[in-house]
Amino acid sequence: MRTARPLLAAAALAAVATGVAYAYGPRADARPDATANASPAAQTAKDCAPDPKAPKRQLRGVWIATVKNIDWPSRTGLSPARQQAEYVKLLDAAAARRFNAVFVQVRPASDALYKSSMEPWSQYLTGTPGKDPGWDPLPFLIQEAHKRGLEFHAWFNPYRAAYDTDLSRLPATHPARVHPDWLVKYGDRLYYNPGLPQVRDHVTAVVTDVVKRYDVDGVHFDDYFYPYPVAGATFNDAAAFTKYGKGRKLADWRRDNVNKLVAQVDKAVHDVKKHVKFGISPFGIWRNKAQDPAGSATAGMSAYDAIYADARHWIKAGTVDYVMPQLYWPRGFKAADYRVLVPWWAKQVKDTDVDLYIGQALYQVGTRGNQAWTRPGELPAHLTLNRAHKQVSGDVYFSATQLKTNPLRVLDRLVAEHYSRPALLPLIEERGGQAPAKPSGLRADGSTLRWSASPGARSYAVYRVAGRPGACATADARNLVAVVTGTEFAAQQAGTYLVTALDRLHNESKPATVTVAPA
């Protein structure tokens, strides 16, 4: 738990309307910015002023949704080889754009895209709930991400029990069939009742099981807590409220149920593996100013009131490592203006230990739901706006399918304007880690750099300067040419190269240096 210092998608839009060494680096002909290593003899670390246009640390992620086969696998019933090939293609697309993290949905609805003794195999693999796909995908999903320098976050939906209200269609061992008293039917779906301690314990146990058995880097919850409102429907948790409400108002009790789960999962994850990050991507509007003076100047659905998700509480209580609000609206959208929401969220995390990343609506680019999304410059402008708020430490895009389609060639613009250099992951101090020893034996065999592996290193950062490096050579990404997972790098230009070792959290060693002579 962090102590706060003096402080998906279509549904969200509708809600507002209604209320091997893989390297990723710059172009081979890219040249470092000379100002990053000017007058090296006179430089000290205190002189370094990082360029906000070339952040050294920035989360660049993408959601890979499995529910309804949105992103992966593309359809049910594919062979393991086809599933693997599709996944690798998504990862290659992410790495090519200099992304450094993936958020993969491993539990869409009380099911598993991994071998589990607690919940059945997901129907999105084979087409049949509970049917064994013939392999355990999760080790492969994690290993392939790590090969490409991508952090792997396991994405769980906490309360969704089934997309079908007919229990007989679920496997006999499904928790919903074993514990029908946990269920609430709402609309055309089944949900676990967040007001039951047994439900919180089950969700926590499912998450903890994955953290124990698999080498994940993070645990991620999306924006679905209590279900999004359905016209004319009532979420019938009256019995649980009578038993556990203890005189509170229903809305306060529901929010407390969610807060308890978040705190419970946070503690469980970090008790098992301290380095694993835990974060949530809440709906983009906490509350509107009309409802609460502390809210944003917006006029959309309030997550606090409608789905009982109190992100401000999680930030203040320090029960998350990061929040990633889904700001799926363009600049100028009256009900939820991106220009209003980014500074509001930045203010919430200011002077806390909670990181802020922004959930971006890549899936909206090129659509006609709002005229702004027909302009290829809209999404890149979001990242430009983010630079004005130092609390914003990165962006994550929904969803991976658009990495392949590149609507309006927007990804080309993102790379040219914002991702022309690689970036290390933001450091979250409470997750620990330790900088490895700097690479030893660094040498240049012609134009190929080689070095010995550093104990505890997962990857290596490679920088290049034209002359003698000063204290500012590694201050930002202007000189950063690649992050690699192996122990060699093919240099494209002459110059002085600096190589640092990174642990899994991207704690960085001091640099080793070598000179590559002109050919």
# chains A, B, ... in the order shown; residues from 1 in each chain; ligands from 1

$ residues_around --residues "Pro407 in chain A" --least-positions-apart "4" --cutoff "7 Å" --atoms "only C-alpha atoms" --output "PyMOL selection string"
chain A and resi 365-366+402

$ residues_around --residues "range 47-58 of chain A" --least-positions-apart "2" --cutoff "7 Å" --atoms "only C-alpha atoms" --output "PyMOL selection string"
chain A and resi 43-45+60+387+393-394+423-426+472+475-478

$ residues_around --residues "Ala176 in chain A" --least-positions-apart "6" --cutoff "10 Å" --atoms "only C-alpha atoms" --output "ChimeraX atom specification"
/A:110,119,161-162,167,170,182-183,190-192

$ atom_distance --atom1 "CA of Ile285 in chain A" --atom2 "CA of Ile315 in chain A"
14.6 Å

$ residues_around --residues "Ala381 in chain A" --least-positions-apart "3" --cutoff "12 Å" --atoms "only C-alpha atoms" --output "ChimeraX atom specification"
/A:330-331,338-339,360,372-373,375-378,384-388,410,413-414,417-418

$ closest_residue --among "A:Pro137, A:Pro73, A:Gly127, A:Gly467" --to "Lys115 in chain A" --atoms "only C-alpha atoms"
A:Pro137

$ select_by_dssp --residues "range 207-398 of chain A" --states "strand (DSSP E)" --output "MDAnalysis selection string"
chainID A and resid 218:221 277:280 322:323 355:360 392:397

$ residues_around --residues "range 494-503 of chain A" --least-positions-apart "4" --cutoff "7 Å" --atoms "only C-alpha atoms" --output "JSON list (two decimals) with C-alpha atoms, in the first residue's frame"
[["chain", "number", "residue", "atom", "x", "y", "z"],
["A", 434, "GLN", "CA", 17.64, -2.34, -7.93],
["A", 435, "ALA", "CA", 19.82, -1.03, -10.70],
["A", 436, "PRO", "CA", 22.01, -3.86, -12.01],
["A", 437, "ALA", "CA", 25.76, -3.51, -12.33],
["A", 438, "LYS", "CA", 26.73, -1.66, -15.48],
["A", 439, "PRO", "CA", 27.43, -3.89, -18.49],
["A", 454, "SER", "CA", 24.59, -8.05, -16.10],
["A", 456, "GLY", "CA", 19.48, -9.03, -12.69],
["A", 457, "ALA", "CA", 19.19, -7.21, -16.03],
["A", 458, "ARG", "CA", 16.17, -7.82, -18.26],
["A", 459, "SER", "CA", 17.18, -5.34, -20.95],
["A", 460, "TYR", "CA", 19.71, -2.69, -21.89],
["A", 461, "ALA", "CA", 19.45, 0.93, -22.99],
["A", 462, "VAL", "CA", 21.76, 2.11, -25.76],
["A", 463, "TYR", "CA", 22.62, 5.81, -26.14],
["A", 464, "ARG", "CA", 24.80, 7.54, -28.73],
["A", 465, "VAL", "CA", 26.53, 10.91, -28.71],
["A", 466, "ALA", "CA", 28.61, 12.46, -31.46],
["A", 467, "GLY", "CA", 31.50, 13.49, -29.23],
["A", 468, "ARG", "CA", 32.60, 12.99, -25.67],
["A", 507, "ASN", "CA", 15.99, 0.78, -12.58],
["A", 508, "GLU", "CA", 19.04, 1.85, -14.58],
["A", 509, "SER", "CA", 22.73, 1.20, -14.03],
["A", 510, "LYS", "CA", 25.58, 3.58, -14.71],
["A", 511, "PRO", "CA", 26.73, 3.49, -18.34],
["A", 512, "ALA", "CA", 29.55, 1.59, -19.92],
["A", 513, "THR", "CA", 31.03, 3.40, -22.93],
["A", 514, "VAL", "CA", 32.69, 2.46, -26.19],
["A", 515, "THR", "CA", 33.58, 4.32, -29.38],
["A", 516, "VAL", "CA", 32.60, 3.18, -32.85],
["A", 517, "ALA", "CA", 34.99, 4.59, -35.45],
["A", 518, "PRO", "CA", 33.77, 5.82, -38.84]]
